[in-house]
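Asks: Got a structure for you, protein.pdb, holding PDB, C-alpha atoms.
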ATOM      1  CA  MET A 256      52.788  49.568  21.292  1.00  0.00           C
ATOM      2  CA  ASN A 257      50.966  51.327  18.440  1.00  0.00           C
ATOM      3  CA  PRO A 258      47.214  51.858  18.756  1.00  0.00           C
ATOM      4  CA  THR A 259      45.006  50.464  16.010  1.00  0.00           C
ATOM      5  CA  PRO A 260      44.926  52.943  13.095  1.00  0.00           C
ATOM      6  CA  PRO A 261      41.487  54.539  12.470  1.00  0.00           C
ATOM      7  CA  VAL A 262      41.124  52.849   9.065  1.00  0.00           C
ATOM      8  CA  LEU A 263      41.674  49.387  10.554  1.00  0.00           C
ATOM      9  CA  ARG A 264      39.350  50.201  13.444  1.00  0.00           C
ATOM     10  CA  ARG A 265      36.614  51.074  10.920  1.00  0.00           C
ATOM     11  CA  LEU A 266      37.190  47.860   9.002  1.00  0.00           C
ATOM     12  CA  PHE A 267      36.911  45.891  12.245  1.00  0.00           C
ATOM     13  CA  GLN A 268      33.652  47.683  13.053  1.00  0.00           C
ATOM     14  CA  ILE A 269      32.176  46.882   9.641  1.00  0.00           C
ATOM     15  CA  ALA A 270      33.332  43.268   9.957  1.00  0.00           C
ATOM     16  CA  ALA A 271      31.693  43.105  13.400  1.00  0.00           C
ATOM     17  CA  LEU A 272      28.433  44.388  11.939  1.00  0.00           C
ATOM     18  CA  ILE A 273      28.504  41.717   9.262  1.00  0.00           C
ATOM     19  CA  THR A 274      29.341  39.014  11.799  1.00  0.00           C
ATOM     20  CA  THR A 275      26.683  40.079  14.310  1.00  0.00           C
ATOM     21  CA  THR A 276      23.960  40.104  11.673  1.00  0.00           C
ATOM     22  CA  GLY A 277      24.926  36.601  10.494  1.00  0.00           C
ATOM     23  CA  LEU A 278      25.558  37.616   6.909  1.00  0.00           C
ATOM     24  CA  ALA A 279      27.474  35.377   4.566  1.00  0.00           C
ATOM     25  CA  PRO A 280      29.918  36.969   2.139  1.00  0.00           C
ATOM     26  CA  ALA A 281      28.367  37.683  -1.220  1.00  0.00           C
ATOM     27  CA  GLN A 282      29.307  39.449  -4.378  1.00  0.00           C
ATOM     28  CA  ALA A 283      29.582  43.222  -3.978  1.00  0.00           C
ATOM     29  CA  ASN A 284      26.357  45.047  -4.719  1.00  0.00           C
ATOM     30  CA  SER A 285      26.943  47.584  -7.481  1.00  0.00           C
ATOM     31  CA  ALA A 286      23.596  49.238  -6.624  1.00  0.00           C
ATOM     32  CA  CYS A 287      25.405  50.813  -3.666  1.00  0.00           C
ATOM     33  CA  GLU A 288      27.572  52.814  -6.025  1.00  0.00           C
ATOM     34  CA  SER A 289      24.711  54.292  -8.036  1.00  0.00           C
ATOM     35  CA  ALA A 290      23.547  57.891  -7.790  1.00  0.00           C
ATOM     36  CA  GLU A 291      20.039  56.582  -7.138  1.00  0.00           C
ATOM     37  CA  PHE A 292      21.144  54.602  -4.092  1.00  0.00           C
ATOM     38  CA  ARG A 293      23.176  57.518  -2.728  1.00  0.00           C
ATOM     39  CA  ALA A 294      20.044  59.683  -2.983  1.00  0.00           C
ATOM     40  CA  ALA A 295      18.021  56.951  -1.216  1.00  0.00           C
ATOM     41  CA  ALA A 296      20.686  56.756   1.520  1.00  0.00           C
ATOM     42  CA  GLU A 297      20.527  60.543   1.967  1.00  0.00           C
ATOM     43  CA  ARG A 298      16.722  60.291   2.278  1.00  0.00           C
ATOM     44  CA  LEU A 299      17.080  57.533   4.888  1.00  0.00           C
ATOM     45  CA  LEU A 300      19.453  59.653   6.974  1.00  0.00           C
ATOM     46  CA  ALA A 301      17.125  62.657   6.623  1.00  0.00           C
ATOM     47  CA  GLN A 302      14.300  60.452   7.947  1.00  0.00           C
ATOM     48  CA  VAL A 303      16.441  59.480  10.949  1.00  0.00           C
ATOM     49  CA  ASP A 304      17.045  63.193  11.650  1.00  0.00           C
ATOM     50  CA  ALA A 305      13.350  64.073  11.174  1.00  0.00           C
ATOM     51  CA  ARG A 306      12.175  61.315  13.510  1.00  0.00           C
ATOM     52  CA  TRP A 307      14.718  62.419  16.099  1.00  0.00           C
ATOM     53  CA  GLN A 308      13.482  66.023  15.836  1.00  0.00           C
ATOM     54  CA  ALA A 309       9.863  64.784  16.153  1.00  0.00           C
ATOM     55  CA  ARG A 310      10.875  62.561  19.124  1.00  0.00           C
ATOM     56  CA  ASP A 311       9.124  59.663  17.374  1.00  0.00           C
ATOM     57  CA  PRO A 312      10.398  56.302  18.742  1.00  0.00           C
ATOM     58  CA  ALA A 313       7.974  54.184  16.685  1.00  0.00           C
ATOM     59  CA  GLY A 314       8.880  56.094  13.530  1.00  0.00           C
ATOM     60  CA  MET A 315      12.586  55.628  14.255  1.00  0.00           C
ATOM     61  CA  ALA A 316      12.095  51.881  14.785  1.00  0.00           C
ATOM     62  CA  ALA A 317      10.163  51.612  11.507  1.00  0.00           C
ATOM     63  CA  LEU A 318      13.348  52.572   9.628  1.00  0.00           C
ATOM     64  CA  TYR A 319      14.993  49.355  10.879  1.00  0.00           C
ATOM     65  CA  HIS A 320      14.696  45.813   9.600  1.00  0.00           C
ATOM     66  CA  PRO A 321      12.605  43.756  12.093  1.00  0.00           C
ATOM     67  CA  GLN A 322      15.826  42.097  13.339  1.00  0.00           C
ATOM     68  CA  GLY A 323      17.953  45.247  13.023  1.00  0.00           C
ATOM     69  CA  GLN A 324      20.503  46.313  15.635  1.00  0.00           C
ATOM     70  CA  LEU A 325      21.694  49.607  17.083  1.00  0.00           C
ATOM     71  CA  ARG A 326      24.938  49.808  19.064  1.00  0.00           C
ATOM     72  CA  ILE A 327      26.284  53.006  20.613  1.00  0.00           C
ATOM     73  CA  GLN A 328      29.672  53.444  22.295  1.00  0.00           C
ATOM     74  CA  PRO A 329      30.730  54.461  24.842  1.00  0.00           C
ATOM     75  CA  GLY A 330      28.263  52.988  27.238  1.00  0.00           C
ATOM     76  CA  GLY A 331      27.569  49.702  25.508  1.00  0.00           C
ATOM     77  CA  VAL A 332      24.048  50.712  24.467  1.00  0.00           C
ATOM     78  CA  VAL A 333      22.481  47.909  22.425  1.00  0.00           C
ATOM     79  CA  ALA A 334      18.997  47.718  20.935  1.00  0.00           C
ATOM     80  CA  ASP A 335      17.926  44.552  19.121  1.00  0.00           C
ATOM     81  CA  GLY A 336      15.021  44.472  16.684  1.00  0.00           C
ATOM     82  CA  GLN A 337      12.443  47.143  15.985  1.00  0.00           C
ATOM     83  CA  ALA A 338      10.926  46.686  19.463  1.00  0.00           C
ATOM     84  CA  GLY A 339      14.325  47.225  21.096  1.00  0.00           C
ATOM     85  CA  VAL A 340      15.003  50.320  18.993  1.00  0.00           C
ATOM     86  CA  ALA A 341      11.563  51.736  19.876  1.00  0.00           C
ATOM     87  CA  ARG A 342      12.182  51.003  23.576  1.00  0.00           C
ATOM     88  CA  LEU A 343      15.590  52.701  23.493  1.00  0.00           C
ATOM     89  CA  PHE A 344      14.235  55.875  21.907  1.00  0.00           C
ATOM     90  CA  THR A 345      11.142  55.843  24.157  1.00  0.00           C
ATOM     91  CA  GLN A 346      13.558  56.023  27.105  1.00  0.00           C
ATOM     92  CA  LEU A 347      15.979  58.480  25.480  1.00  0.00           C
ATOM     93  CA  PHE A 348      13.713  61.124  23.969  1.00  0.00           C
ATOM     94  CA  PRO A 349      12.156  62.365  27.262  1.00  0.00           C
ATOM     95  CA  THR A 350      15.667  63.057  28.614  1.00  0.00           C
ATOM     96  CA  LEU A 351      16.479  65.468  25.776  1.00  0.00           C
ATOM     97  CA  SER A 352      15.975  69.196  25.813  1.00  0.00           C
ATOM     98  CA  PRO A 353      14.124  70.869  22.909  1.00  0.00           C
ATOM     99  CA  GLU A 354      17.383  72.183  21.429  1.00  0.00           C
ATOM    100  CA  ASP A 355      18.984  68.716  21.291  1.00  0.00           C
ATOM    101  CA  ASP A 356      19.244  68.258  17.544  1.00  0.00           C
ATOM    102  CA  HIS A 357      20.455  65.345  15.442  1.00  0.00           C
ATOM    103  CA  LEU A 358      22.249  66.039  12.176  1.00  0.00           C
ATOM    104  CA  LEU A 359      23.617  63.175  10.059  1.00  0.00           C
ATOM    105  CA  SER A 360      26.032  63.583   7.158  1.00  0.00           C
ATOM    106  CA  LEU A 361      26.753  60.839   4.640  1.00  0.00           C
ATOM    107  CA  LEU A 362      30.489  60.586   4.037  1.00  0.00           C
ATOM    108  CA  ARG A 363      30.790  57.435   1.947  1.00  0.00           C
ATOM    109  CA  VAL A 364      28.835  54.467   0.609  1.00  0.00           C
ATOM    110  CA  THR A 365      30.622  51.116   0.292  1.00  0.00           C
ATOM    111  CA  PRO A 366      29.315  47.816  -1.106  1.00  0.00           C
ATOM    112  CA  VAL A 367      29.593  45.030   1.493  1.00  0.00           C
ATOM    113  CA  GLY A 368      28.463  41.737   0.069  1.00  0.00           C
ATOM    114  CA  GLY A 369      24.879  42.206  -1.098  1.00  0.00           C
ATOM    115  CA  LEU A 370      24.441  45.143   1.285  1.00  0.00           C
ATOM    116  CA  CYS A 371      25.628  48.737   1.519  1.00  0.00           C
ATOM    117  CA  ALA A 372      27.649  50.298   4.334  1.00  0.00           C
ATOM    118  CA  LEU A 373      27.084  53.983   5.012  1.00  0.00           C
ATOM    119  CA  ASP A 374      29.935  55.825   6.686  1.00  0.00           C
ATOM    120  CA  THR A 375      28.317  58.738   8.503  1.00  0.00           C
ATOM    121  CA  ARG A 376      29.021  61.549  10.896  1.00  0.00           C
ATOM    122  CA  ALA A 377      26.426  62.718  13.420  1.00  0.00           C
ATOM    123  CA  VAL A 378      26.241  65.853  15.505  1.00  0.00           C
ATOM    124  CA  VAL A 379      23.973  65.260  18.496  1.00  0.00           C
ATOM    125  CA  GLY A 380      22.864  67.909  20.967  1.00  0.00           C
ATOM    126  CA  SER A 381      22.796  71.622  20.416  1.00  0.00           C
ATOM    127  CA  THR A 382      24.342  71.767  16.947  1.00  0.00           C
ATOM    128  CA  LYS A 383      24.927  75.490  17.413  1.00  0.00           C
ATOM    129  CA  GLY A 384      27.349  75.126  20.317  1.00  0.00           C
ATOM    130  CA  ALA A 385      30.551  73.436  21.347  1.00  0.00           C
ATOM    131  CA  ALA A 386      28.642  71.132  23.725  1.00  0.00           C
ATOM    132  CA  ALA A 387      27.379  68.956  20.874  1.00  0.00           C
ATOM    133  CA  GLN A 388      28.576  65.366  20.762  1.00  0.00           C
ATOM    134  CA  ARG A 389      30.004  63.989  17.546  1.00  0.00           C
ATOM    135  CA  PHE A 390      29.699  60.372  16.467  1.00  0.00           C
ATOM    136  CA  GLN A 391      31.123  58.292  13.642  1.00  0.00           C
ATOM    137  CA  GLY A 392      28.456  55.901  12.489  1.00  0.00           C
ATOM    138  CA  PHE A 393      28.356  52.883  10.249  1.00  0.00           C
ATOM    139  CA  TYR A 394      24.974  51.879   8.892  1.00  0.00           C
ATOM    140  CA  LEU A 395      24.543  48.520   7.200  1.00  0.00           C
ATOM    141  CA  VAL A 396      21.500  48.763   4.944  1.00  0.00           C
ATOM    142  CA  ASP A 397      19.597  46.536   2.564  1.00  0.00           C
ATOM    143  CA  PRO A 398      19.439  48.337  -0.802  1.00  0.00           C
ATOM    144  CA  THR A 399      16.575  46.215  -2.141  1.00  0.00           C
ATOM    145  CA  GLY A 400      12.979  47.338  -2.028  1.00  0.00           C
ATOM    146  CA  ALA A 401      11.440  50.755  -2.510  1.00  0.00           C
ATOM    147  CA  GLU A 402      13.629  52.361   0.186  1.00  0.00           C
ATOM    148  CA  PRO A 403      16.679  51.017   2.055  1.00  0.00           C
ATOM    149  CA  ARG A 404      16.147  49.602   5.558  1.00  0.00           C
ATOM    150  CA  ILE A 405      18.627  49.650   8.406  1.00  0.00           C
ATOM    151  CA  LEU A 406      20.027  46.235   9.327  1.00  0.00           C
ATOM    152  CA  ALA A 407      22.627  47.483  11.805  1.00  0.00           C
ATOM    153  CA  VAL A 408      24.113  50.697  13.142  1.00  0.00           C
ATOM    154  CA  SER A 409      27.332  51.043  15.081  1.00  0.00           C
ATOM    155  CA  ALA A 410      27.892  54.563  16.420  1.00  0.00           C
ATOM    156  CA  VAL A 411      31.057  55.522  18.273  1.00  0.00           C
ATOM    157  CA  ARG A 412      31.573  58.878  19.961  1.00  0.00           C
ATOM    158  CA  ALA A 413      34.320  60.735  18.139  1.00  0.00           C
ATOM    159  CA  THR A 414      37.195  62.113  20.149  1.00  0.00           C
ATOM    160  CA  PRO A 415      37.561  65.900  20.038  1.00  0.00           C
TER     161      PRO A 415
END
Take the structure from the file and write it as structure tokens.

Replies:
Amino acid sequence: MNPTPPVLRRLFQIAALITTTGLAPAQANSACESAEFRAAAERLLAQVDARWQARDPAGMAALYHPQGQLRIQPGGVVADGQAGVARLFTQLFPTLSPEDDHLLSLLRVTPVGGLCALDTRAVVGSTKGAAAQRFQGFYLVDPTGAEPRILAVSAVRATP
């Protein structure tokens, strides 16, 4: 039996994000494909990194929509809403050592209905050594407003 190809697995993950946030299909948002939105997405990811480095759970939660979701695999970690995200990072940050970095890279932006999906890669831990963990992440963000807000994140540990 063939395992699910990575491309199909990603499509299933994006579809799951859309389903879990209760979003109805809509016309693709061309704002996602603009240089301005890509720059805004890069700023959002830089803010995630900065708030990780500052060990700021409230600041991290503020990047999310009030009903936003964070899901991390393996382990089945789920945080619902800004309060859940703040709680998760309040518990996580004290367990980290000072050299545990967080470095996000934006690989691709894709319109998904009226929203934008960000395909990302994260290096978590000591980014200078082989012990760092790598994650593939999919952010579903609302492109409207002054800056995009995170509606959902699904992060899956990448296999070496």

Asks: With distances taken over all atoms listed in the file, which residue among A:Gly368, A:Pro329, A:Pro312, A:Leu318 lies nearest Leu343 in chain A?

Replies: A:Pro312

Asks: Of the residues A:Val364, A:Val332, A:Ala410, A:Cys287, which is the one nearest to Val378 in chain A, using only C-alpha atoms?

Replies: A:Ala410

Asks: Can you spell out as a ChimeraX atom specification the set of residues that the PyMOL selection byres ((chain A and resi 292-301) around 10) selects in the structure I just provided?

Replies: /A:285-291,302-307,318,357-361,363-364,371-373,375,377,394,396,398-399,401-405

Asks: Could you tell me how far CA of Ala338 in chain A lies from CA of Thr350 in chain A, in Å and to one decimal?

Replies: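 Atom-to-atom, CA of Ala338 in chain A to CA of Thr350 in chain A, that is 19.3 Å.
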
Asks: What does the structure give for the distance between CA of Ser381 in chain A and CA of Ala317 in chain A, in Å to one decimal?

Replies: 25.3 Å

Asks: Where atoms are missing, can you supply N, CA and C atoms for range 304-336 of chain A and output the lot as a PDB file, keeping the file's coordinate frame?

Replies:
ATOM      1  N   ASP A 304      17.007  61.861  11.036  1.00  0.00           N
ATOM      2  CA  ASP A 304      17.045  63.193  11.650  1.00  0.00           C
ATOM      3  C   ASP A 304      15.639  63.705  11.956  1.00  0.00           C
ATOM      4  N   ALA A 305      14.719  63.564  10.998  1.00  0.00           N
ATOM      5  CA  ALA A 305      13.350  64.073  11.174  1.00  0.00           C
ATOM      6  C   ALA A 305      12.642  63.357  12.322  1.00  0.00           C
ATOM      7  N   ARG A 306      12.844  62.062  12.434  1.00  0.00           N
ATOM      8  CA  ARG A 306      12.175  61.315  13.510  1.00  0.00           C
ATOM      9  C   ARG A 306      12.793  61.626  14.868  1.00  0.00           C
ATOM     10  N   TRP A 307      14.082  61.949  14.865  1.00  0.00           N
ATOM     11  CA  TRP A 307      14.718  62.419  16.099  1.00  0.00           C
ATOM     12  C   TRP A 307      14.092  63.757  16.494  1.00  0.00           C
ATOM     13  N   GLN A 308      14.025  64.694  15.544  1.00  0.00           N
ATOM     14  CA  GLN A 308      13.482  66.023  15.836  1.00  0.00           C
ATOM     15  C   GLN A 308      12.034  65.917  16.319  1.00  0.00           C
ATOM     16  N   ALA A 309      11.265  64.976  15.766  1.00  0.00           N
ATOM     17  CA  ALA A 309       9.863  64.784  16.153  1.00  0.00           C
ATOM     18  C   ALA A 309       9.734  63.967  17.441  1.00  0.00           C
ATOM     19  N   ARG A 310      10.871  63.427  17.942  1.00  0.00           N
ATOM     20  CA  ARG A 310      10.875  62.561  19.124  1.00  0.00           C
ATOM     21  C   ARG A 310       9.884  61.417  18.932  1.00  0.00           C
ATOM     22  N   ASP A 311      10.050  60.713  17.809  1.00  0.00           N
ATOM     23  CA  ASP A 311       9.124  59.663  17.374  1.00  0.00           C
ATOM     24  C   ASP A 311       9.791  58.292  17.454  1.00  0.00           C
ATOM     25  N   PRO A 312       9.728  57.598  18.609  1.00  0.00           N
ATOM     26  CA  PRO A 312      10.398  56.302  18.742  1.00  0.00           C
ATOM     27  C   PRO A 312       9.859  55.244  17.790  1.00  0.00           C
ATOM     28  N   ALA A 313       8.548  55.188  17.593  1.00  0.00           N
ATOM     29  CA  ALA A 313       7.974  54.184  16.685  1.00  0.00           C
ATOM     30  C   ALA A 313       8.403  54.463  15.250  1.00  0.00           C
ATOM     31  N   GLY A 314       8.433  55.730  14.873  1.00  0.00           N
ATOM     32  CA  GLY A 314       8.880  56.094  13.530  1.00  0.00           C
ATOM     33  C   GLY A 314      10.347  55.760  13.313  1.00  0.00           C
ATOM     34  N   MET A 315      11.166  55.969  14.346  1.00  0.00           N
ATOM     35  CA  MET A 315      12.586  55.628  14.255  1.00  0.00           C
ATOM     36  C   MET A 315      12.734  54.121  14.072  1.00  0.00           C
ATOM     37  N   ALA A 316      12.005  53.343  14.865  1.00  0.00           N
ATOM     38  CA  ALA A 316      12.095  51.881  14.785  1.00  0.00           C
ATOM     39  C   ALA A 316      11.640  51.373  13.427  1.00  0.00           C
ATOM     40  N   ALA A 317      10.684  52.044  12.811  1.00  0.00           N
ATOM     41  CA  ALA A 317      10.163  51.612  11.507  1.00  0.00           C
ATOM     42  C   ALA A 317      11.216  51.699  10.404  1.00  0.00           C
ATOM     43  N   LEU A 318      12.273  52.465  10.617  1.00  0.00           N
ATOM     44  CA  LEU A 318      13.348  52.572   9.628  1.00  0.00           C
ATOM     45  C   LEU A 318      14.257  51.341   9.648  1.00  0.00           C
ATOM     46  N   TYR A 319      14.143  50.530  10.694  1.00  0.00           N
ATOM     47  CA  TYR A 319      14.993  49.355  10.879  1.00  0.00           C
ATOM     48  C   TYR A 319      14.320  48.100  10.341  1.00  0.00           C
ATOM     49  N   HIS A 320      15.148  47.162   9.915  1.00  0.00           N
ATOM     50  CA  HIS A 320      14.696  45.813   9.600  1.00  0.00           C
ATOM     51  C   HIS A 320      14.142  45.222  10.902  1.00  0.00           C
ATOM     52  N   PRO A 321      13.153  44.323  10.853  1.00  0.00           N
ATOM     53  CA  PRO A 321      12.605  43.756  12.093  1.00  0.00           C
ATOM     54  C   PRO A 321      13.662  43.170  13.035  1.00  0.00           C
ATOM     55  N   GLN A 322      14.754  42.629  12.497  1.00  0.00           N
ATOM     56  CA  GLN A 322      15.826  42.097  13.339  1.00  0.00           C
ATOM     57  C   GLN A 322      17.036  43.026  13.374  1.00  0.00           C
ATOM     58  N   GLY A 323      16.847  44.291  13.055  1.00  0.00           N
ATOM     59  CA  GLY A 323      17.953  45.247  13.023  1.00  0.00           C
ATOM     60  C   GLY A 323      18.571  45.463  14.398  1.00  0.00           C
ATOM     61  N   GLN A 324      19.768  46.053  14.395  1.00  0.00           N
ATOM     62  CA  GLN A 324      20.503  46.313  15.635  1.00  0.00           C
ATOM     63  C   GLN A 324      21.003  47.742  15.652  1.00  0.00           C
ATOM     64  N   LEU A 325      21.075  48.308  16.854  1.00  0.00           N
ATOM     65  CA  LEU A 325      21.694  49.607  17.083  1.00  0.00           C
ATOM     66  C   LEU A 325      22.663  49.440  18.235  1.00  0.00           C
ATOM     67  N   ARG A 326      23.911  49.872  18.020  1.00  0.00           N
ATOM     68  CA  ARG A 326      24.938  49.808  19.064  1.00  0.00           C
ATOM     69  C   ARG A 326      25.591  51.179  19.159  1.00  0.00           C
ATOM     70  N   ILE A 327      25.692  51.687  20.391  1.00  0.00           N
ATOM     71  CA  ILE A 327      26.284  53.006  20.613  1.00  0.00           C
ATOM     72  C   ILE A 327      27.369  52.873  21.671  1.00  0.00           C
ATOM     73  N   GLN A 328      28.550  53.415  21.362  1.00  0.00           N
ATOM     74  CA  GLN A 328      29.672  53.444  22.295  1.00  0.00           C
ATOM     75  C   GLN A 328      30.063  54.896  22.532  1.00  0.00           C
ATOM     76  N   PRO A 329      30.531  55.300  23.674  1.00  0.00           N
ATOM     77  CA  PRO A 329      30.730  54.461  24.842  1.00  0.00           C
ATOM     78  C   PRO A 329      29.404  54.188  25.535  1.00  0.00           C
ATOM     79  N   GLY A 330      29.444  53.300  26.448  1.00  0.00           N
ATOM     80  CA  GLY A 330      28.263  52.988  27.238  1.00  0.00           C
ATOM     81  C   GLY A 330      27.669  51.638  26.933  1.00  0.00           C
ATOM     82  N   GLY A 331      28.062  51.029  25.827  1.00  0.00           N
ATOM     83  CA  GLY A 331      27.569  49.702  25.508  1.00  0.00           C
ATOM     84  C   GLY A 331      26.075  49.639  25.280  1.00  0.00           C
ATOM     85  N   VAL A 332      25.485  50.699  24.741  1.00  0.00           N
ATOM     86  CA  VAL A 332      24.048  50.712  24.467  1.00  0.00           C
ATOM     87  C   VAL A 332      23.768  49.788  23.288  1.00  0.00           C
ATOM     88  N   VAL A 333      22.845  48.853  23.482  1.00  0.00           N
ATOM     89  CA  VAL A 333      22.481  47.909  22.425  1.00  0.00           C
ATOM     90  C   VAL A 333      20.964  47.821  22.365  1.00  0.00           C
ATOM     91  N   ALA A 334      20.431  47.926  21.156  1.00  0.00           N
ATOM     92  CA  ALA A 334      18.997  47.718  20.935  1.00  0.00           C
ATOM     93  C   ALA A 334      18.864  46.689  19.826  1.00  0.00           C
ATOM     94  N   ASP A 335      18.125  45.625  20.099  1.00  0.00           N
ATOM     95  CA  ASP A 335      17.926  44.552  19.121  1.00  0.00           C
ATOM     96  C   ASP A 335      16.489  44.563  18.623  1.00  0.00           C
ATOM     97  N   GLY A 336      16.339  44.526  17.303  1.00  0.00           N
ATOM     98  CA  GLY A 336      15.021  44.472  16.684  1.00  0.00           C
ATOM     99  C   GLY A 336      14.290  45.802  16.758  1.00  0.00           C
TER     100      GLY A 336
END
